[in-house]
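Peer 1: I am sharing run.cif, which consists of mmCIF, C-alpha atoms:
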```cif
data_model
#
loop_
_atom_site.group_PDB
_atom_site.id
_atom_site.type_symbol
_atom_site.label_atom_id
_atom_site.label_comp_id
_atom_site.auth_asym_id
_atom_site.auth_seq_id
_atom_site.Cartn_x
_atom_site.Cartn_y
_atom_site.Cartn_z
ATOM 1 C CA MET A 1 12.737 -124.190 33.143
ATOM 2 C CA THR A 2 15.041 -125.624 30.534
ATOM 3 C CA SER A 3 18.536 -126.449 31.661
ATOM 4 C CA PRO A 4 21.569 -125.344 29.674
ATOM 5 C CA ASP A 5 22.418 -128.990 28.944
ATOM 6 C CA SER A 6 19.003 -129.780 27.477
ATOM 7 C CA ALA A 7 19.166 -126.634 25.387
ATOM 8 C CA GLN A 8 22.464 -127.781 23.953
ATOM 9 C CA GLU A 9 21.033 -131.246 23.129
ATOM 10 C CA SER A 10 17.893 -129.956 21.335
ATOM 11 C CA PRO A 11 18.033 -130.425 17.567
ATOM 12 C CA SER A 12 18.938 -127.443 15.503
ATOM 13 C CA PRO A 13 16.204 -126.018 13.261
ATOM 14 C CA ARG A 14 16.063 -127.363 9.684
ATOM 15 C CA PRO A 15 17.782 -125.142 7.186
ATOM 16 C CA GLY A 16 15.513 -123.247 4.833
ATOM 17 C CA PRO A 17 15.259 -124.108 1.171
ATOM 18 C CA THR A 18 18.339 -123.399 -0.817
ATOM 19 C CA ARG A 19 18.340 -120.780 -3.514
ATOM 20 C CA PRO A 20 18.570 -123.300 -6.429
ATOM 21 C CA ARG A 21 15.493 -125.117 -5.101
ATOM 22 C CA ARG A 22 13.525 -121.891 -4.920
ATOM 23 C CA GLY A 23 14.656 -121.074 -8.463
ATOM 24 C CA TYR A 24 13.469 -124.475 -9.719
ATOM 25 C CA GLY A 25 10.072 -123.927 -8.132
ATOM 26 C CA ALA A 26 9.758 -120.518 -9.771
ATOM 27 C CA VAL A 27 10.636 -121.998 -13.165
ATOM 28 C CA MET A 28 8.062 -124.770 -12.814
ATOM 29 C CA LYS A 29 5.436 -122.261 -11.734
ATOM 30 C CA PHE A 30 6.159 -120.271 -14.888
ATOM 31 C CA VAL A 31 5.944 -123.460 -16.992
ATOM 32 C CA ARG A 32 2.549 -124.342 -15.531
ATOM 33 C CA ARG A 33 1.228 -120.833 -16.070
ATOM 34 C CA LEU A 34 2.534 -120.787 -19.639
ATOM 35 C CA HIS A 35 0.927 -124.172 -20.309
ATOM 36 C CA MET A 36 -2.419 -122.945 -18.980
ATOM 37 C CA TYR A 37 -2.619 -119.455 -20.466
ATOM 38 C CA LEU A 38 -1.450 -120.489 -23.922
ATOM 39 C CA GLY A 39 -4.214 -123.086 -23.889
ATOM 40 C CA LEU A 40 -6.771 -120.456 -22.946
ATOM 41 C CA LEU A 41 -5.470 -118.141 -25.671
ATOM 42 C CA VAL A 42 -5.705 -120.580 -28.566
ATOM 43 C CA PHE A 43 -8.360 -123.082 -27.488
ATOM 44 C CA PRO A 44 -10.775 -121.961 -30.290
ATOM 45 C CA TRP A 45 -8.025 -122.615 -32.839
ATOM 46 C CA VAL A 46 -7.165 -126.004 -31.355
ATOM 47 C CA LEU A 47 -10.845 -126.949 -31.606
ATOM 48 C CA LEU A 48 -10.983 -125.692 -35.198
ATOM 49 C CA PHE A 49 -7.938 -127.604 -36.419
ATOM 50 C CA GLY A 50 -8.822 -130.676 -34.361
ATOM 51 C CA MET A 51 -12.413 -130.982 -35.592
ATOM 52 C CA SER A 52 -11.637 -130.105 -39.204
ATOM 53 C CA GLY A 53 -8.733 -132.564 -39.217
ATOM 54 C CA VAL A 54 -11.115 -135.370 -38.253
ATOM 55 C CA LEU A 55 -13.527 -134.286 -41.000
ATOM 56 C CA PHE A 56 -10.863 -134.828 -43.677
ATOM 57 C CA ASN A 57 -10.747 -138.537 -42.845
ATOM 58 C CA HIS A 58 -14.513 -138.818 -42.352
ATOM 59 C CA PRO A 59 -16.185 -136.793 -45.123
ATOM 60 C CA GLU A 60 -19.571 -138.348 -44.356
ATOM 61 C CA ILE A 61 -19.848 -136.316 -41.135
ATOM 62 C CA GLY A 62 -22.138 -133.339 -41.650
ATOM 63 C CA ARG A 63 -22.968 -134.274 -45.241
ATOM 64 C CA GLU A 64 -25.881 -136.138 -46.770
ATOM 65 C CA ILE A 65 -24.104 -139.204 -48.127
ATOM 66 C CA GLU A 66 -25.628 -142.637 -48.647
ATOM 67 C CA ARG A 67 -23.096 -145.462 -48.792
ATOM 68 C CA ARG A 68 -23.413 -148.935 -50.243
ATOM 69 C CA ASP A 69 -20.699 -151.574 -50.036
ATOM 70 C CA LEU A 70 -20.267 -153.925 -52.990
ATOM 71 C CA SER A 71 -18.598 -157.283 -52.409
ATOM 72 C CA PRO A 72 -16.132 -158.712 -54.954
ATOM 73 C CA GLN A 73 -18.727 -161.294 -55.996
ATOM 74 C CA GLU A 74 -21.478 -158.703 -56.489
ATOM 75 C CA LEU A 75 -19.217 -156.323 -58.378
ATOM 76 C CA SER A 76 -17.900 -159.121 -60.580
ATOM 77 C CA THR A 77 -21.428 -160.341 -61.344
ATOM 78 C CA LEU A 78 -22.634 -156.855 -62.269
ATOM 79 C CA THR A 79 -19.589 -155.636 -64.206
ATOM 80 C CA GLY A 80 -17.252 -158.561 -64.856
ATOM 81 C CA LEU A 81 -14.464 -156.712 -63.026
ATOM 82 C CA LYS A 82 -11.969 -159.057 -61.378
ATOM 83 C CA PRO A 83 -9.300 -158.240 -58.779
ATOM 84 C CA TRP A 84 -5.940 -157.192 -60.197
ATOM 85 C CA ASN A 85 -2.644 -158.737 -59.162
ATOM 86 C CA PRO A 86 -0.125 -155.926 -58.542
ATOM 87 C CA ASP A 87 2.908 -158.214 -58.926
ATOM 88 C CA GLU A 88 1.632 -159.497 -62.251
ATOM 89 C CA ILE A 89 1.036 -155.982 -63.567
ATOM 90 C CA ALA A 90 4.436 -154.805 -62.309
ATOM 91 C CA GLN A 91 6.116 -157.700 -64.102
ATOM 92 C CA LYS A 92 4.393 -156.735 -67.351
ATOM 93 C CA VAL A 93 5.578 -153.137 -66.925
ATOM 94 C CA VAL A 94 9.159 -154.349 -66.380
ATOM 95 C CA THR A 95 8.938 -156.551 -69.462
ATOM 96 C CA GLN A 96 7.830 -153.594 -71.568
ATOM 97 C CA LEU A 97 10.636 -151.444 -70.136
ATOM 98 C CA ASN A 98 13.226 -154.050 -71.049
ATOM 99 C CA ALA A 99 11.793 -154.377 -74.548
ATOM 100 C CA GLY A 100 12.376 -150.693 -75.237
ATOM 101 C CA SER A 101 15.727 -150.191 -73.512
ATOM 102 C CA PRO A 102 18.874 -152.127 -72.593
ATOM 103 C CA GLY A 103 18.229 -151.573 -68.872
ATOM 104 C CA GLY A 104 17.907 -155.244 -67.975
ATOM 105 C CA TYR A 105 15.478 -154.485 -65.141
ATOM 106 C CA THR A 106 14.189 -157.203 -62.832
ATOM 107 C CA LEU A 107 11.393 -156.999 -60.304
ATOM 108 C CA ASP A 108 12.731 -156.592 -56.765
ATOM 109 C CA ALA A 109 11.185 -159.391 -54.717
ATOM 110 C CA ALA A 110 12.191 -157.670 -51.464
ATOM 111 C CA ALA A 111 9.777 -154.797 -52.179
ATOM 112 C CA PRO A 112 6.267 -156.173 -52.806
ATOM 113 C CA SER A 113 4.220 -154.422 -55.455
ATOM 114 C CA GLU A 114 1.121 -152.610 -54.261
ATOM 115 C CA PHE A 115 -1.497 -150.183 -55.476
ATOM 116 C CA SER A 116 -1.631 -146.650 -54.116
ATOM 117 C CA GLY A 117 -4.186 -143.890 -54.421
ATOM 118 C CA TRP A 118 -7.914 -144.056 -54.993
ATOM 119 C CA PRO A 119 -9.491 -145.587 -58.117
ATOM 120 C CA LEU A 120 -12.386 -143.117 -58.070
ATOM 121 C CA LEU A 121 -15.151 -142.784 -60.634
ATOM 122 C CA ALA A 122 -18.007 -140.283 -60.462
ATOM 123 C CA ALA A 123 -21.239 -139.560 -62.296
ATOM 124 C CA PRO A 124 -23.872 -136.848 -61.781
ATOM 125 C CA SER A 125 -27.148 -137.947 -60.242
ATOM 126 C CA GLN A 126 -30.537 -136.983 -61.640
ATOM 127 C CA ALA A 127 -31.297 -135.149 -58.387
ATOM 128 C CA GLY A 128 -28.363 -132.805 -58.922
ATOM 129 C CA GLY A 129 -25.853 -134.545 -56.679
ATOM 130 C CA ARG A 130 -23.295 -137.124 -57.689
ATOM 131 C CA HIS A 131 -22.517 -140.817 -57.386
ATOM 132 C CA VAL A 132 -18.964 -141.763 -56.419
ATOM 133 C CA LEU A 133 -17.505 -145.257 -56.816
ATOM 134 C CA ILE A 134 -14.247 -146.102 -55.027
ATOM 135 C CA LEU A 135 -12.658 -149.426 -55.958
ATOM 136 C CA SER A 136 -10.162 -151.684 -54.241
ATOM 137 C CA LEU A 137 -8.238 -152.993 -57.228
ATOM 138 C CA ASP A 138 -6.474 -155.846 -55.460
ATOM 139 C CA ASP A 139 -9.472 -157.030 -53.395
ATOM 140 C CA GLY A 140 -12.180 -156.414 -55.984
ATOM 141 C CA ASN A 141 -14.663 -154.767 -53.616
ATOM 142 C CA ALA A 142 -16.055 -151.244 -53.902
ATOM 143 C CA THR A 143 -17.992 -148.531 -52.103
ATOM 144 C CA LEU A 144 -20.713 -146.570 -53.876
ATOM 145 C CA SER A 145 -21.589 -143.213 -52.301
ATOM 146 C CA THR A 146 -24.480 -140.991 -53.304
ATOM 147 C CA HIS A 147 -23.941 -137.334 -52.429
ATOM 148 C CA ALA A 148 -26.834 -134.926 -52.040
ATOM 149 C CA PRO A 149 -26.872 -131.812 -54.247
ATOM 150 C CA GLU A 150 -24.532 -129.063 -53.105
ATOM 151 C CA PRO A 151 -26.089 -125.775 -51.999
ATOM 152 C CA LYS A 152 -25.773 -123.281 -54.825
ATOM 153 C CA SER A 153 -26.279 -119.570 -55.184
ATOM 154 C CA SER A 154 -27.591 -117.757 -58.218
ATOM 155 C CA PRO A 155 -24.839 -117.485 -60.832
ATOM 156 C CA PRO A 156 -23.900 -113.912 -61.663
ATOM 157 C CA PRO A 157 -24.851 -112.720 -65.148
ATOM 158 C CA PHE A 158 -21.203 -111.850 -65.781
ATOM 159 C CA ALA A 159 -19.838 -115.310 -64.853
ATOM 160 C CA GLY A 160 -17.298 -116.525 -67.391
ATOM 161 C CA ALA A 161 -16.722 -113.117 -68.934
ATOM 162 C CA LYS A 162 -13.136 -112.370 -69.912
ATOM 163 C CA ILE A 163 -11.879 -108.831 -69.526
ATOM 164 C CA GLU A 164 -8.638 -107.990 -71.296
ATOM 165 C CA LEU A 165 -6.553 -105.426 -69.408
ATOM 166 C CA PRO A 166 -3.064 -106.047 -70.819
ATOM 167 C CA GLU A 167 -1.403 -103.447 -68.625
ATOM 168 C CA TYR A 168 -2.876 -105.013 -65.446
ATOM 169 C CA GLY A 169 -2.165 -108.690 -65.892
ATOM 170 C CA MET A 170 0.497 -111.111 -64.749
ATOM 171 C CA ALA A 171 1.879 -111.163 -68.282
ATOM 172 C CA ALA A 172 2.635 -107.445 -67.941
ATOM 173 C CA VAL A 173 4.285 -108.006 -64.550
ATOM 174 C CA GLN A 174 6.330 -110.863 -65.983
ATOM 175 C CA ASP A 175 7.528 -108.658 -68.824
ATOM 176 C CA GLN A 176 8.470 -105.818 -66.485
ATOM 177 C CA VAL A 177 10.560 -107.963 -64.112
ATOM 178 C CA LYS A 178 12.301 -110.099 -66.735
ATOM 179 C CA GLU A 179 15.607 -108.226 -66.243
ATOM 180 C CA LEU A 180 15.378 -108.053 -62.448
ATOM 181 C CA LEU A 181 17.625 -111.024 -61.631
ATOM 182 C CA PRO A 182 20.518 -109.977 -63.924
ATOM 183 C CA LYS A 183 20.347 -106.419 -62.587
ATOM 184 C CA LEU A 184 20.600 -107.781 -59.041
ATOM 185 C CA GLY A 185 23.645 -109.797 -60.039
ATOM 186 C CA ILE A 186 21.830 -113.119 -59.638
ATOM 187 C CA ASP A 187 22.840 -115.867 -62.043
ATOM 188 C CA ALA A 188 19.674 -117.530 -63.373
ATOM 189 C CA SER A 189 19.184 -119.939 -66.253
ATOM 190 C CA GLY A 190 16.012 -118.150 -67.334
ATOM 191 C CA THR A 191 13.770 -115.187 -66.696
ATOM 192 C CA LEU A 192 11.146 -114.976 -63.968
ATOM 193 C CA GLN A 193 7.925 -116.647 -65.075
ATOM 194 C CA ALA A 194 4.425 -116.195 -63.655
ATOM 195 C CA HIS A 195 3.198 -119.257 -61.769
ATOM 196 C CA PRO A 196 0.726 -121.228 -63.927
ATOM 197 C CA LYS A 197 -1.698 -121.850 -61.040
ATOM 198 C CA VAL A 198 -1.142 -119.130 -58.431
ATOM 199 C CA HIS A 199 -2.772 -115.889 -59.592
ATOM 200 C CA PRO A 200 -3.640 -112.706 -57.714
ATOM 201 C CA GLU A 201 -7.263 -111.610 -57.741
ATOM 202 C CA LEU A 202 -8.986 -108.261 -57.653
ATOM 203 C CA ARG A 203 -12.067 -108.357 -55.437
ATOM 204 C CA PHE A 204 -14.747 -105.700 -55.421
ATOM 205 C CA ARG A 205 -18.507 -105.304 -55.102
ATOM 206 C CA VAL A 206 -20.971 -103.952 -57.642
ATOM 207 C CA ARG A 207 -24.698 -103.291 -57.763
ATOM 208 C CA ASP A 208 -26.837 -104.019 -60.786
ATOM 209 C CA GLY A 209 -29.772 -102.056 -62.137
ATOM 210 C CA ASN A 210 -32.076 -103.688 -59.573
ATOM 211 C CA ASP A 211 -29.776 -102.569 -56.734
ATOM 212 C CA ARG A 212 -28.690 -106.162 -56.105
ATOM 213 C CA ALA A 213 -25.158 -106.428 -54.730
ATOM 214 C CA TRP A 214 -22.636 -108.846 -56.231
ATOM 215 C CA ASN A 215 -19.196 -109.907 -55.021
ATOM 216 C CA VAL A 216 -16.927 -109.811 -58.075
ATOM 217 C CA VAL A 217 -13.590 -111.597 -58.475
ATOM 218 C CA TYR A 218 -11.319 -110.637 -61.369
ATOM 219 C CA ASP A 219 -8.445 -113.052 -62.018
ATOM 220 C CA LEU A 220 -5.352 -111.008 -62.885
ATOM 221 C CA GLY A 221 -3.740 -114.067 -64.439
ATOM 222 C CA THR A 222 -6.448 -115.205 -66.844
ATOM 223 C CA GLY A 223 -8.734 -112.177 -67.069
ATOM 224 C CA GLN A 224 -11.738 -114.308 -66.070
ATOM 225 C CA VAL A 225 -14.547 -112.707 -64.070
ATOM 226 C CA ASP A 226 -16.636 -114.608 -61.554
ATOM 227 C CA GLY A 227 -18.561 -113.911 -58.385
ATOM 228 C CA ARG A 228 -21.688 -114.536 -56.365
ATOM 229 C CA PRO A 229 -24.494 -112.589 -54.707
ATOM 230 C CA ALA A 230 -23.251 -110.536 -51.772
ATOM 231 C CA GLY A 231 -24.213 -111.837 -48.361
ATOM 232 C CA PRO A 232 -23.590 -114.952 -46.270
ATOM 233 C CA GLY A 233 -21.619 -117.751 -47.895
ATOM 234 C CA GLN A 234 -23.235 -120.929 -49.179
ATOM 235 C CA LEU A 235 -20.759 -123.497 -47.847
ATOM 236 C CA ARG A 236 -21.850 -126.126 -45.366
ATOM 237 C CA LEU A 237 -20.235 -125.893 -41.946
ATOM 238 C CA VAL A 238 -18.066 -128.960 -42.539
ATOM 239 C CA GLU A 239 -16.841 -127.571 -45.863
ATOM 240 C CA LEU A 240 -16.149 -124.176 -44.334
ATOM 241 C CA LEU A 241 -14.120 -125.815 -41.555
ATOM 242 C CA GLY A 242 -12.115 -127.699 -44.167
ATOM 243 C CA ARG A 243 -11.404 -124.510 -46.119
ATOM 244 C CA LEU A 244 -10.269 -122.760 -42.949
ATOM 245 C CA HIS A 245 -8.022 -125.694 -42.026
ATOM 246 C CA LYS A 246 -6.254 -125.574 -45.395
ATOM 247 C CA THR A 247 -5.805 -121.794 -45.394
ATOM 248 C CA HIS A 248 -2.083 -121.096 -45.137
ATOM 249 C CA HIS A 249 0.641 -118.586 -46.033
ATOM 250 C CA PHE A 250 0.701 -114.949 -45.015
ATOM 251 C CA PRO A 251 -1.037 -112.883 -47.712
ATOM 252 C CA VAL A 252 0.769 -109.891 -49.169
ATOM 253 C CA HIS A 253 -1.812 -107.524 -47.738
ATOM 254 C CA GLY A 254 -2.509 -107.465 -44.009
ATOM 255 C CA ASP A 255 -6.141 -108.525 -43.710
ATOM 256 C CA MET A 256 -8.123 -111.084 -41.716
ATOM 257 C CA ALA A 257 -6.404 -113.910 -43.584
ATOM 258 C CA TRP A 258 -3.083 -112.500 -42.342
ATOM 259 C CA LEU A 259 -4.364 -112.614 -38.757
ATOM 260 C CA PHE A 260 -5.626 -116.153 -39.356
ATOM 261 C CA ALA A 261 -2.143 -117.223 -40.457
ATOM 262 C CA LEU A 262 -0.698 -115.525 -37.367
ATOM 263 C CA PHE A 263 -2.985 -117.438 -35.013
ATOM 264 C CA ALA A 264 -2.237 -120.648 -36.910
ATOM 265 C CA ASP A 265 1.450 -120.053 -36.145
ATOM 266 C CA ILE A 266 0.672 -119.342 -32.499
ATOM 267 C CA THR A 267 -1.377 -122.542 -32.329
ATOM 268 C CA GLY A 268 1.485 -124.567 -33.764
ATOM 269 C CA ILE A 269 3.934 -123.048 -31.289
ATOM 270 C CA THR A 270 1.464 -123.725 -28.476
ATOM 271 C CA LEU A 271 1.293 -127.413 -29.365
ATOM 272 C CA VAL A 272 5.087 -127.611 -29.126
ATOM 273 C CA VAL A 273 5.066 -125.759 -25.797
ATOM 274 C CA TRP A 274 2.307 -128.047 -24.512
ATOM 275 C CA ALA A 275 4.353 -131.126 -25.352
ATOM 276 C CA LEU A 276 7.538 -129.829 -23.714
ATOM 277 C CA SER A 277 5.844 -128.299 -20.671
ATOM 278 C CA GLY A 278 3.794 -131.472 -20.237
ATOM 279 C CA LEU A 279 7.028 -133.448 -20.060
ATOM 280 C CA ALA A 280 8.400 -131.039 -17.471
ATOM 281 C CA MET A 281 5.269 -131.268 -15.320
ATOM 282 C CA TRP A 282 5.232 -135.068 -15.613
ATOM 283 C CA TRP A 283 8.850 -135.274 -14.446
ATOM 284 C CA GLN A 284 7.967 -133.185 -11.412
ATOM 285 C CA MET A 285 5.502 -135.866 -10.217
ATOM 286 C CA LYS A 286 7.850 -138.607 -9.008
ATOM 287 C CA PRO A 287 5.225 -141.369 -8.485
ATOM 288 C CA THR A 288 4.313 -141.262 -12.192
ATOM 289 C CA ARG A 289 7.821 -141.286 -13.637
ATOM 290 C CA VAL A 290 8.041 -145.022 -14.351
ATOM 291 C CA ILE A 291 4.620 -145.358 -15.980
ATOM 292 C CA GLY A 292 5.147 -142.072 -17.806
ATOM 293 C CA ALA A 293 8.504 -143.218 -19.141
ATOM 294 C CA LEU A 294 6.912 -146.392 -20.506
ATOM 295 C CA ALA A 295 4.120 -144.362 -22.116
ATOM 296 C CA ILE A 296 6.630 -142.009 -23.723
ATOM 297 C CA ALA A 297 8.678 -144.929 -25.045
ATOM 298 C CA VAL A 298 5.588 -146.516 -26.612
ATOM 299 C CA ALA A 299 4.447 -143.171 -28.044
ATOM 300 C CA VAL A 300 7.834 -142.374 -29.586
ATOM 301 C CA ALA A 301 8.200 -145.869 -31.054
ATOM 302 C CA ALA A 302 4.687 -145.835 -32.544
ATOM 303 C CA ALA A 303 5.121 -142.318 -33.935
ATOM 304 C CA ALA A 304 8.493 -143.172 -35.471
ATOM 305 C CA LEU A 305 7.106 -146.324 -37.078
ATOM 306 C CA VAL A 306 3.993 -144.686 -38.524
ATOM 307 C CA MET A 307 5.702 -141.453 -39.614
ATOM 308 C CA ARG A 308 8.603 -143.261 -41.253
ATOM 309 C CA GLY A 309 6.279 -145.622 -43.104
ATOM 310 C CA THR A 310 4.026 -142.806 -44.278
ATOM 311 C CA ALA A 311 7.005 -140.683 -45.337
ATOM 312 C CA THR A 312 8.314 -143.610 -47.376
ATOM 313 C CA GLU A 313 4.965 -143.967 -49.152
ATOM 314 C CA ILE A 314 4.729 -140.241 -49.857
ATOM 315 C CA GLN A 315 8.229 -140.142 -51.365
ATOM 316 C CA PHE A 316 8.063 -143.424 -53.273
ATOM 317 C CA GLY A 317 7.653 -141.835 -56.697
ATOM 318 C CA ASN A 318 9.017 -138.704 -58.326
ATOM 319 C CA VAL A 319 7.906 -136.003 -55.900
ATOM 320 C CA GLN A 320 7.639 -132.526 -57.376
ATOM 321 C CA GLY A 321 6.858 -129.535 -55.198
ATOM 322 C CA GLU A 322 4.104 -127.107 -56.117
ATOM 323 C CA GLY A 323 3.545 -123.502 -55.243
ATOM 324 C CA PRO A 324 5.857 -120.496 -55.119
#
```
Rewrite the coordinates I just gave you, this time as structure tokens.
Peer 2:
Amino acid sequence: MTSPDSAQESPSPRPGPTRPRRGYGAVMKFVRRLHMYLGLLVFPWVLLFGMSGVLFNHPEIGREIERRDLSPQELSTLTGLKPWNPDEIAQKVVTQLNAGSPGGYTLDAAAPSEFSGWPLLAAPSQAGGRHVLILSLDDGNATLSTHAPEPKSSPPPFAGAKIELPEYGMAAVQDQVKELLPKLGIDASGTLQAHPKVHPELRFRVRDGNDRAWNVVYDLGTGQVDGRPAGPGQLRLVELLGRLHKTHHFPVHGDMAWLFALFADITGITLVVWALSGLAMWWQMKPTRVIGALAIAVAVAAAALVMRGTATEIQFGNVQGEGP
């Protein structure tokens, strides 16, 4: 039997978890569930954009391409082409600029001259494919790639036809909306002009006298008619993935492309949520905080360095935006 004194000396029971602690646990449970279920929702889209993104940098994957590297010596022997000195060429450009204007320009030694872009030359092959030569102007080497013929479908008999429907063209739309901005009280230095590259299309299907179905595309900007036989597409898988990856903007009409754009948005939001929820879950695991902090520091520093350098290269020249 326990004495009253021993009962008084026994330790008091530990207090239960406080309300803020229970609230924190509920929040973290929600974060983990959100992290998991968003991943399950968009995992096909993550795979699509991930795989197709890799294919942009490695076009030889999934395509019949034979590559041959040419050394500077071999290329020079065959063609007489010598490496170019970017500083020497830049100095000649500056000299010509000064000859035609009083600018008094001098080459900035703090910013070394360099080539950008791809010196690319192509020629059709006798087999129906193409040969592509990519040069390194400053090193003098090159890569010669031979591409297999692209899969082609039978051209429609109406390909290249031009149908004039003046009342149903972008020129007619442009004429009808030319007074829209002034009537809305918007000060503009000119009238609305149709975009030179972005045109709407009318798509429909026809059958010829042999009951063969054709997909027809009528360009409402140029009046050109084109199409292909109805049925499965002719693109290779890698090319189809690339087309899907580059599909963007919400179309005016709600169709499958509209849903594709919606899921692309959801995928982008999911990636942001993954990053933030991953940080929250990492912070919850105390033994990994030090190593995780070092990893985050390295990741942020590397990303800042690479992104800043790439952004500088992209914006080096006169950058003009395209599209609406």
Peer 1: Report as a ChimeraX atom specification all protein, DNA and RNA residues lying within 9 Å of Glu64 (chain A), evaluated on all atoms listed in the file, omitting residues in the same chain fewer than 6 positions from it.
Peer 2: /A:146-149
Peer 1: Could you work out an axis-aligned box for region 52-70 of chain A, taking every atom the file lists and adding 5 Å on each side, and report centre and edge lengths in Å to one decimal, as JSON?
Peer 2:
```
{"center_x": -17.3, "center_y": -142.0, "center_z": -45.6, "size_x": 27.1, "size_y": 33.8, "size_z": 24.7}
```
Peer 1: So that I can check the surroundings of Leu165 (chain A), please list as an NGL selection string every protein, DNA and RNA residue that reaches within 9 Å of it, counting only C-alpha atoms and ignoring chain neighbours fewer than 2 positions away.
Peer 2: :A and (163 or 167-169 or 220 or 223)
Peer 1: Got a sec: who's within 12 Å of Pro112 (chain A), counting all atoms listed in the file, leaving out chain neighbours fewer than 5 positions off, as a PyMOL selection string?
Peer 2: chain A and resi 85-91+107
Peer 1: Do you know which residues the PyMOL selection byres ((chain A and resi 150) around 10) returns on this file, as a list in words?
Peer 2: Arg63, Glu64, Gly128, Gly129, Arg130, His147, Ala148, Pro149, Pro151, Lys152, Ser153, Gln234, Leu235 and Arg236 of chain A
Peer 1: Can you list, as number ranges by chain, every protein, DNA or RNA residue that comes within 12 Å of region 295-306 of chain A when you count all atoms listed in the file, leaving out same-chain residues fewer than 4 positions away?
Peer 2: A: 275, 278-279, 282-283, 288-291, 310-313
Peer 1: For a quick check of understanding, using only C-alpha atoms, which of A:His249, A:Phe263, A:Leu181, A:Met170 has the smallest distance to Asp219 (chain A)?
Peer 2: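 Closest residue, counting only C-alpha atoms: A:Met170.
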Peer 1: Just the residues within 12 Å of Ser76 (chain A), please, counting all atoms listed in the file, with nothing from its chain fewer than 4 positions along; format it as a list in words.
Peer 2: Leu70, Ser71, Pro72, Gly80, Leu81, Lys82, Pro83, Leu135, Leu137, Asp139, Gly140, Asn141 and Ala142 of chain A
Peer 1: Quick one: of A:Val132, A:Thr79, A:Arg68, A:Arg205, who's nearest to Gly231 (chain A), counting only C-alpha atoms?
Peer 2: A:Arg205
Peer 1: For CA of Met281 (chain A) and CA of Val31 (chain A), quote the distance in Å rounded to one decimal.
Peer 2: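 Computed distance, CA of Met281 (chain A) to CA of Val31 (chain A), equals 8.0 Å.
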Peer 1: What do you get, as a compact mmCIF listing (two decimals) with C-alpha atoms, in the coordinates of the input, if you spell out every residue that the PyMOL selection byres ((chain A and resi 204) around 12) selects here?
Peer 2:
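Final file, expr00.txt:
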```
# COMPACT_ATOMS: atom_id res chain seq x y z
CA GLU A 201 -7.26 -111.61 -57.74
CA LEU A 202 -8.99 -108.26 -57.65
CA ARG A 203 -12.07 -108.36 -55.44
CA ARG A 205 -18.51 -105.30 -55.10
CA VAL A 206 -20.97 -103.95 -57.64
CA ARG A 207 -24.70 -103.29 -57.76
CA ALA A 213 -25.16 -106.43 -54.73
CA TRP A 214 -22.64 -108.85 -56.23
CA ASN A 215 -19.20 -109.91 -55.02
CA VAL A 216 -16.93 -109.81 -58.08
CA VAL A 217 -13.59 -111.60 -58.48
CA TYR A 218 -11.32 -110.64 -61.37
CA ASP A 219 -8.44 -113.05 -62.02
CA VAL A 225 -14.55 -112.71 -64.07
CA ASP A 226 -16.64 -114.61 -61.55
CA GLY A 227 -18.56 -113.91 -58.38
CA ARG A 228 -21.69 -114.54 -56.36
CA PRO A 229 -24.49 -112.59 -54.71
CA ALA A 230 -23.25 -110.54 -51.77
```
